[in-house]
Each structure stands twice: as structure tokens, then as C-alpha cells.
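Peer 1: Attaching a single structure in C-alpha cells format; questions to follow.
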Amino acid sequence: MQGRSMTAGAPWKHTLRFAMPVLAGSLLQQLYNTADTIIVGNFASEEALSAVGTTGSLTFLFLSIALGFSAGNGVIVAQHYGAGDEKRVRSNASTGILLLMGLGVISTIVALAASGFAFSWLVAVPGEILDQTLVYFRIYALGLIFQYGYNIFSSILRAIGDSAATLYFLLISSVTNVVLDILFVAGFHWGVAGAAIATDISQGISFVAAWIYMTRKYPVFRFRLKEFSWDSKLAARTLRVGMPIALQLMIVSFGLTFIQRAVNKFGKVMTASFTVGQRIEMYINLPCNAFQTTMATYTGQNIGAGKTERVKTGLRQTLIISLIMTALISAAIWIFSNQICGLFGLSADAAVYCNAHLKAAALTLIILSMYIPVFGVFQGANHPAVPTLVATASLSVRVAVTYLLRYSSVFGHTIIWWNGLFGFGTGCAITWIYYFSGRWQRGASLTK
């Protein structure tokens, strides 16, 4: 069974080598999402930009399901890979693929059926951009099966230590997405529909590329159609491990929906600004999210090999690297915030909001790098409910202070971007209290 073990050698070398392709892949994803925003903002209209941006919380909701359950399956595969059990690696991968593909179909049906109510009432999208919002989201939803399939393939590959492969898939899909965005939006003038179609096609390409690579390079995953096996117990195990991870991300999405609703109340200028601000926040988040993924695999493999103490050393070294990278990105965004806002075709008023948003985010999001990688330890050690509880507390605080202080004399509308100071601070405190309690280590074991 090929792959790369992370159970021996210098931990920082393993985590850095594993995280760099994950980070680069995430960067590519953000670049083509940003390209969507830049192209729509410059070649469609500010209303179209707002429409695409206001779908973010719900598109992230469905992405959360894909990421959560594929990550749950990946944790199990990583543990059995660390234990050297090829049979269980294969059976869990087979069931995970079938499960995620099924969830992709169900998610598309739900998204199409609920989109009207969700955007009209839950998100409270302004009437002048509602039609464009629905067009973009419904076309986007048709490609969810590709998104779910790609994520389960990537999670399985990362579980056996191959994080570099996902970078190649994303490079192909990113270039495709940008080219098609330019063609459909700037060339054919299809507006938000063109941006959504480009996204679906690029996701389909990454899905196919991931499947071809995985089955050709790793014989253990070389399934013929009749060789796929469904095991209800294995599926239940993936759901059990993945549910807290998915729920953590869904809570973030749900909280962002309420924050988006508050943003929309300030009008389309603020909505357009917030769209850009959120896109740039993702860049600051890249290192800590990549190291969370890395620590989940690293922890899972070392627990499977019976080396729990090795996890602590790896976490310490990883946090230092995560903090340094996040601080460097934040500094660059602070310095070049005016130039960044100018890329998106924002109006003068929206650019003022956006500039303030970016400078606040560059400061507050550094807090995330101090605790998000620890989530990977909890997930890999079979304590995935802890990140869910932390995310719930953090988002609850962010939403609460947003609604309590949005019309106050101290913060006013600026609470839209300063709420993270309160929420992330809460999340950081809870995470480290639990880690230093040692309970995650006592409960760490191979998933049965």
C-alpha cells in the first residue's frame, strides 16, 4: 500500500511538507473564487457582484456537508492506514465514496427546492438583486455532486499522506474557471449565470481528474463498478465521525447567514463591500485551515500507530509555522488594502467600507491561527465534537455582538468586521482550556 507515513521523523517536516500542497490548493481555490468576483464586478455590475456575494453563506453550507463527511471518512482511513490495515482502508474508502455521491444528489434537490425561501426570508436579500442571486445559486447547485465527489477523493488521498495531488487537480480547475469566467461573463455577457456555469464545469473537471489519478496511482482504490461495496456500519461510522466536523462548518455557515442578513440591512453598497471583504478574509485563513487539515491526518496516523505523545510535539511546531504565515499575509493585506479594493470595481462608498473591513480582518484573524490547527488534533483523536462546540460559541458571540452593537455609538456598522475580535477570542480561550485539560489525549484511540 503506497502513500506517506507521518509516524516517524521530525514532525515539523512532515506537517510542512503535507500542508504546503494543501495550502497551495486552497490558494488556487481562493484565486479562482476571487477571479469570479473581480470579473463579475468589472464586467457585469455592482448588483451582480452583490448577488454572487450574498449566496456565500448558503453555498458554504453545502460545502460544509461535503467537507465534513469527507473529512470524517478521511480520519478513519488515516487511522487504518497508520495501523497498516489495507483491507479496512479499501472498504472505508468504497463506502465513503458512495455515501458522499449520494449526499451530493440529495443536496442538489434540497438546494433547488429551498433556495427561494432561503434567500427571500432567511438571508433577506434586497429585492433588486434577488433574481440574480437565485439564478446564480440554482445553477451552482447543479454541480454539487462534482463538489462532493472531488472532496471525498481528496480526503482519501490526504489520509494516506498524498496531499500534493489535490494541488494538480485544483490548478487545472482554477485555470479552467478563470478562462470560462472571462469567456462567459466578459465575452458572452451572461452575467451571474455565466459565473455559475464556469464554476460547475471547473468542479466537474477536478472531479474527473481526481478520480483518474486516485485509481491509476493507487491499486487499493482501483474499484470497478461492481467492486464498490456498501457497508452500513462503515457508513454510520463515517457519519458519526464526520457529523461534528460538518456541524462545525454548518454552524459557521448558519452564523454567517445571520451576519449576512445584518449586512444586507445596510444596503447593496455594504453588501458589495462585504462580498469583497469576505473573499479576502479567506486568504488570511488559509494557513490555519491548511494546518487543521494537516493535524487531523498527522494525529490520525500517529494514533493508529500508537504514538499519541508525538502529536503534542507536532502541534507545537505547527502552531509556530501557522502563526508566522498568517501574520505575514495579514501584514500584506493591511499595507495593500487600498490597491486590493481597487481590483473589484467597487463604487467609492463601497471601497471605503471595504478598506476598513480588510484592515480589521488583518488584525482579528491572526487569533484564528492560534487555535484552529488544534481542531485537527481533536478531530484526529476522535474528539470532533469539541471544534463544533467551539464554533458554536464563537459564532454565537459574533452574531450576538453584531446585532447588539450595529447601531451603537461605539461600533455602529463597523461591528460587521470587528465582531471577530469577540468571537475568535472566545473560541481561542475554550480551545486551549480543553487542550490543556488533557481529555483529548486520554480519549484518543483507533476508531472501531
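Ligands are numbered from 1 in the order shown, residues from 1 within each chain, and chains are lettered A, B, ... in the order they appear in the C-alpha cells.
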Please give the complete set of residues from stretch 152-247 of chain A that DSSP, run on the backbone, assigns to alpha helix (DSSP H), formatted as JSON, numbers by chain.

Peer 2: {"A": [152, 153, 154, 155, 156, 157, 158, 159, 164, 165, 166, 167, 168, 169, 170, 171, 172, 173, 174, 175, 176, 177, 178, 179, 180, 181, 191, 192, 193, 194, 195, 196, 197, 198, 199, 200, 201, 202, 203, 204, 205, 206, 207, 208, 209, 210, 211, 212, 213, 214, 215, 216, 217, 232, 233, 234, 235, 236, 237, 238, 239, 240, 241, 242, 243, 244, 245, 246, 247]}

Peer 1: Find the residues of stretch 80-199 of chain A that sit at most 10 Å from stretch 290-298 of chain A; for each, write down the nearest two atoms and how far apart they are in Å, to one decimal. Count only C-alpha atoms. Sort by chain, then by number going up, and give it as a tab-separated table.

Peer 2:
residue	atom	partner	partner_atom	distance
A:Gly82	CA	A:Tyr298	CA	9.5
A:Ser155	CA	A:Thr293	CA	9.4
A:Arg158	CA	A:Thr297	CA	7.2
A:Ala159	CA	A:Thr297	CA	5.8
A:Ile160	CA	A:Thr297	CA	8.2
A:Gly161	CA	A:Thr297	CA	7.7
A:Ser163	CA	A:Thr294	CA	9.0

Peer 1: Please produce a file of the residues just selected, as a tab-separated table (two decimals), in the first residue's frame, where the atoms kept are N, CA and C atoms.

Peer 2:
chain	number	residue	atom	x	y	z
A	82	GLY	N	-2.41	4.20	9.14
A	82	GLY	CA	-1.34	4.23	10.13
A	82	GLY	C	-1.15	2.87	10.79
A	155	SER	N	-9.97	13.79	0.22
A	155	SER	CA	-9.82	13.42	1.62
A	155	SER	C	-9.15	12.05	1.75
A	158	ARG	N	-5.44	12.49	0.95
A	158	ARG	CA	-4.73	13.14	2.07
A	158	ARG	C	-4.56	12.17	3.23
A	159	ALA	N	-5.53	11.28	3.42
A	159	ALA	CA	-5.48	10.34	4.54
A	159	ALA	C	-4.28	9.40	4.44
A	160	ILE	N	-3.82	9.12	3.22
A	160	ILE	CA	-2.67	8.24	3.06
A	160	ILE	C	-1.39	9.05	2.81
A	161	GLY	N	-1.47	10.37	3.07
A	161	GLY	CA	-0.28	11.20	3.01
A	161	GLY	C	-0.03	11.88	1.69
A	163	SER	N	-1.01	14.71	-0.21
A	163	SER	CA	-1.70	15.99	-0.29
A	163	SER	C	-1.32	16.76	-1.54

Peer 1: Pick from A:Met282, A:Met243, A:Leu404, A:Leu319: nearest to A:Leu365, with only C-alpha atoms counted?

Peer 2: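 Distance minimum relative to A:Leu365 lands on A:Met282.
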
Peer 1: Measuring between only C-alpha atoms, which one of A:Ile320, A:Leu239, A:Ala361, A:Val110 shows the shortest distance to A:Ile280?

Peer 2: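 For A:Ile280, the nearest of the candidates is A:Ala361.
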
Peer 1: Atom CA of A:Ile65 and atom CA of A:Leu249, how far apart in Å?

Peer 2: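 Distance between the two atoms: 7.9 Å.
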
Peer 1: Taking only C-alpha atoms into account, name the residue in A:Met325, A:Ala195, A:Ala93, A:Leu343 that is nearest to A:Val40.

Peer 2: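 Closest candidate: A:Ala195.
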
Peer 1: Excluding A:Leu358 and any residue of its chain fewer than 6 positions from it, enumerate the residues within 8 Å of it, using only C-alpha atoms, and give them as a list in words.

Peer 2: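 Skipping anything fewer than 6 positions along the chain leaves Gly277, Ile280, Glu281, Ile333, Trp334 and Ser337 of chain A.
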
Peer 1: Any chance you can output those residues with N, CA and C atoms as an mmCIF file, in the first residue's frame?

Peer 2:
data_model
loop_
_atom_site.group_PDB
_atom_site.id
_atom_site.type_symbol
_atom_site.label_atom_id
_atom_site.label_comp_id
_atom_site.auth_asym_id
_atom_site.auth_seq_id
_atom_site.Cartn_x
_atom_site.Cartn_y
_atom_site.Cartn_z
ATOM 1 N N GLY A 277 -14.750 41.824 1.136
ATOM 2 C CA GLY A 277 -14.090 41.617 2.417
ATOM 3 C C GLY A 277 -14.015 40.151 2.798
ATOM 4 N N ILE A 280 -11.387 38.254 0.765
ATOM 5 C CA ILE A 280 -10.009 38.498 1.207
ATOM 6 C C ILE A 280 -9.747 37.847 2.562
ATOM 7 N N GLU A 281 -10.756 37.786 3.424
ATOM 8 C CA GLU A 281 -10.593 37.097 4.706
ATOM 9 C C GLU A 281 -10.152 35.653 4.494
ATOM 10 N N ILE A 333 -1.934 42.378 3.511
ATOM 11 C CA ILE A 333 -3.282 42.889 3.241
ATOM 12 C C ILE A 333 -3.486 44.258 3.876
ATOM 13 N N TRP A 334 -2.950 44.466 5.059
ATOM 14 C CA TRP A 334 -3.044 45.778 5.719
ATOM 15 C C TRP A 334 -2.360 46.853 4.868
ATOM 16 N N SER A 337 -4.302 47.306 1.277
ATOM 17 C CA SER A 337 -5.763 47.241 1.298
ATOM 18 C C SER A 337 -6.410 48.135 0.243
#

Peer 1: Using only C-alpha atoms, which protein or nucleic acid residues come within 9 Å of stretch 221-228 of chain A? Drop anything in the same chain fewer than 4 positions from it, and give the result as a PyMOL selection string.

Peer 2: chain A and resi 89-91+93-95+97-98+214-217

Peer 1: Please provide as JSON, numbers by chain all residues within 9 Å of A:Ser26, with the sequence filter that same-chain residues fewer than 3 positions apart are discarded (counting only C-alpha atoms).

Peer 2: {"A": [21, 22, 23, 29, 30, 31, 167, 170, 283, 286, 289, 290]}

Peer 1: Those selected residues, please, written with N, CA and C atoms and delivered as a PDB file, in the first residue's frame.

Peer 2:
ATOM      1  N   PRO A  21       1.152  21.640  -0.064  1.00  0.00           N
ATOM      2  CA  PRO A  21       0.226  21.413  -1.185  1.00  0.00           C
ATOM      3  C   PRO A  21      -1.225  21.736  -0.830  1.00  0.00           C
ATOM      4  N   VAL A  22      -1.629  21.447   0.413  1.00  0.00           N
ATOM      5  CA  VAL A  22      -2.987  21.795   0.845  1.00  0.00           C
ATOM      6  C   VAL A  22      -3.171  23.304   0.804  1.00  0.00           C
ATOM      7  N   LEU A  23      -2.160  24.022   1.314  1.00  0.00           N
ATOM      8  CA  LEU A  23      -2.211  25.482   1.317  1.00  0.00           C
ATOM      9  C   LEU A  23      -2.226  26.035  -0.104  1.00  0.00           C
ATOM     10  N   GLN A  29      -7.975  27.726  -5.044  1.00  0.00           N
ATOM     11  CA  GLN A  29      -9.422  27.828  -4.926  1.00  0.00           C
ATOM     12  C   GLN A  29      -9.845  29.266  -4.669  1.00  0.00           C
ATOM     13  N   GLN A  30      -9.139  29.923  -3.765  1.00  0.00           N
ATOM     14  CA  GLN A  30      -9.484  31.302  -3.453  1.00  0.00           C
ATOM     15  C   GLN A  30      -9.196  32.234  -4.629  1.00  0.00           C
ATOM     16  N   LEU A  31      -8.138  31.947  -5.366  1.00  0.00           N
ATOM     17  CA  LEU A  31      -7.815  32.786  -6.512  1.00  0.00           C
ATOM     18  C   LEU A  31      -8.906  32.718  -7.564  1.00  0.00           C
ATOM     19  N   LEU A 167      -3.372  19.520  -5.363  1.00  0.00           N
ATOM     20  CA  LEU A 167      -2.884  20.769  -5.938  1.00  0.00           C
ATOM     21  C   LEU A 167      -2.978  20.732  -7.461  1.00  0.00           C
ATOM     22  N   LEU A 170      -6.630  21.098  -8.615  1.00  0.00           N
ATOM     23  CA  LEU A 170      -7.128  22.456  -8.428  1.00  0.00           C
ATOM     24  C   LEU A 170      -6.487  23.429  -9.422  1.00  0.00           C
ATOM     25  N   TYR A 283      -8.144  34.473   2.378  1.00  0.00           N
ATOM     26  CA  TYR A 283      -6.700  34.373   2.182  1.00  0.00           C
ATOM     27  C   TYR A 283      -5.967  34.361   3.526  1.00  0.00           C
ATOM     28  N   LEU A 286      -6.112  30.930   5.193  1.00  0.00           N
ATOM     29  CA  LEU A 286      -5.544  29.768   4.500  1.00  0.00           C
ATOM     30  C   LEU A 286      -4.545  28.965   5.330  1.00  0.00           C
ATOM     31  N   ASN A 289      -6.243  26.968   8.297  1.00  0.00           N
ATOM     32  CA  ASN A 289      -7.120  25.910   7.801  1.00  0.00           C
ATOM     33  C   ASN A 289      -6.322  24.750   7.216  1.00  0.00           C
ATOM     34  N   ALA A 290      -5.235  25.079   6.504  1.00  0.00           N
ATOM     35  CA  ALA A 290      -4.387  24.025   5.937  1.00  0.00           C
ATOM     36  C   ALA A 290      -3.746  23.194   7.039  1.00  0.00           C
TER      37      ALA A 290
END

Peer 1: Restricting the calculation to only C-alpha atoms, which member of A:Thr364, A:Ser273, A:Asn73, A:Ser120 is positioned closest to A:Gly345?

Peer 2: A:Ser273

Peer 1: Skipping near chain neighbours, those fewer than 3 positions away, what residues fall within 8 Å of A:Leu100 using only C-alpha atoms, listed as a CSV table (one decimal) with C-alpha atoms, in the first residue's frame?

Peer 2:
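Heads up, here's the output in out39.csv:
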chain,number,residue,atom,x,y,z
A,66,ALA,CA,-19.1,17.8,1.7
A,69,PHE,CA,-18.3,14.0,6.0
A,70,SER,CA,-15.4,13.5,3.6
A,96,GLY,CA,-17.2,6.8,1.8
A,97,ILE,CA,-17.3,7.4,-2.0
A,103,LEU,CA,-25.3,13.2,-0.4
A,104,GLY,CA,-24.4,15.3,-3.4
A,148,TYR,CA,-18.9,16.3,-3.1
A,149,GLY,CA,-17.1,13.7,-5.2
A,152,ILE,CA,-14.1,12.6,-0.9

Peer 1: How close does stretch 231-323 of chain A get to stretch 382-403 of chain A? List, as JSON lines, each residue of stretch 231-323 of chain A within 12 Å, its nearest atom pair and the distance in Å to one decimal, counting only C-alpha atoms.

Peer 2:
{"residue": "A:Arg237", "atom": "CA", "partner": "A:Asn382", "partner_atom": "CA", "distance": 11.4}
{"residue": "A:Thr238", "atom": "CA", "partner": "A:Asn382", "partner_atom": "CA", "distance": 11.6}
{"residue": "A:Leu239", "atom": "CA", "partner": "A:Pro384", "partner_atom": "CA", "distance": 11.6}
{"residue": "A:Arg240", "atom": "CA", "partner": "A:Pro384", "partner_atom": "CA", "distance": 9.4}
{"residue": "A:Val241", "atom": "CA", "partner": "A:Pro384", "partner_atom": "CA", "distance": 6.9}
{"residue": "A:Gly242", "atom": "CA", "partner": "A:Pro384", "partner_atom": "CA", "distance": 7.8}
{"residue": "A:Met243", "atom": "CA", "partner": "A:Pro384", "partner_atom": "CA", "distance": 8.3}
{"residue": "A:Pro244", "atom": "CA", "partner": "A:Ala385", "partner_atom": "CA", "distance": 5.0}
{"residue": "A:Ile245", "atom": "CA", "partner": "A:Pro384", "partner_atom": "CA", "distance": 6.0}
{"residue": "A:Ala246", "atom": "CA", "partner": "A:Thr388", "partner_atom": "CA", "distance": 8.5}
{"residue": "A:Leu247", "atom": "CA", "partner": "A:Thr388", "partner_atom": "CA", "distance": 6.3}
{"residue": "A:Gln248", "atom": "CA", "partner": "A:Thr388", "partner_atom": "CA", "distance": 4.1}
{"residue": "A:Leu249", "atom": "CA", "partner": "A:Ala391", "partner_atom": "CA", "distance": 7.8}
{"residue": "A:Met250", "atom": "CA", "partner": "A:Thr388", "partner_atom": "CA", "distance": 9.2}
{"residue": "A:Ile251", "atom": "CA", "partner": "A:Thr392", "partner_atom": "CA", "distance": 6.2}
{"residue": "A:Val252", "atom": "CA", "partner": "A:Leu395", "partner_atom": "CA", "distance": 6.4}
{"residue": "A:Ser253", "atom": "CA", "partner": "A:Leu395", "partner_atom": "CA", "distance": 9.3}
{"residue": "A:Phe254", "atom": "CA", "partner": "A:Leu395", "partner_atom": "CA", "distance": 8.6}
{"residue": "A:Gly255", "atom": "CA", "partner": "A:Leu395", "partner_atom": "CA", "distance": 5.6}
{"residue": "A:Leu256", "atom": "CA", "partner": "A:Leu395", "partner_atom": "CA", "distance": 8.0}
{"residue": "A:Thr257", "atom": "CA", "partner": "A:Val399", "partner_atom": "CA", "distance": 9.5}
{"residue": "A:Phe258", "atom": "CA", "partner": "A:Val399", "partner_atom": "CA", "distance": 6.8}
{"residue": "A:Ile259", "atom": "CA", "partner": "A:Val399", "partner_atom": "CA", "distance": 6.2}
{"residue": "A:Gln260", "atom": "CA", "partner": "A:Val399", "partner_atom": "CA", "distance": 10.0}
{"residue": "A:Arg261", "atom": "CA", "partner": "A:Tyr403", "partner_atom": "CA", "distance": 10.1}
{"residue": "A:Ala262", "atom": "CA", "partner": "A:Tyr403", "partner_atom": "CA", "distance": 7.3}
{"residue": "A:Val263", "atom": "CA", "partner": "A:Thr402", "partner_atom": "CA", "distance": 9.6}
{"residue": "A:Lys265", "atom": "CA", "partner": "A:Tyr403", "partner_atom": "CA", "distance": 11.2}
{"residue": "A:Gln292", "atom": "CA", "partner": "A:Pro387", "partner_atom": "CA", "distance": 10.8}
{"residue": "A:Ala296", "atom": "CA", "partner": "A:Asn382", "partner_atom": "CA", "distance": 9.7}
{"residue": "A:Thr297", "atom": "CA", "partner": "A:Asn382", "partner_atom": "CA", "distance": 11.7}
{"residue": "A:Thr299", "atom": "CA", "partner": "A:Asn382", "partner_atom": "CA", "distance": 9.7}
{"residue": "A:Gly300", "atom": "CA", "partner": "A:Asn382", "partner_atom": "CA", "distance": 8.5}
{"residue": "A:Ile303", "atom": "CA", "partner": "A:Asn382", "partner_atom": "CA", "distance": 9.8}
{"residue": "A:Gly304", "atom": "CA", "partner": "A:Asn382", "partner_atom": "CA", "distance": 11.4}

Peer 1: My list of candidates is A:Thr15, A:Ser173, A:Asn42, A:Thr166. Which is closest to A:Ser206 when distances are computed with only C-alpha atoms?

Peer 2: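 Using only C-alpha atoms, A:Ser206 sits closest to A:Ser173.
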
Peer 1: Using only C-alpha atoms, which residue out of A:Leu363, A:Ala71, A:Ile372, A:Ile284 lies closest to A:Leu315?

Peer 2: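 Answer, going by the shortest atom-to-atom distance: A:Ile372.
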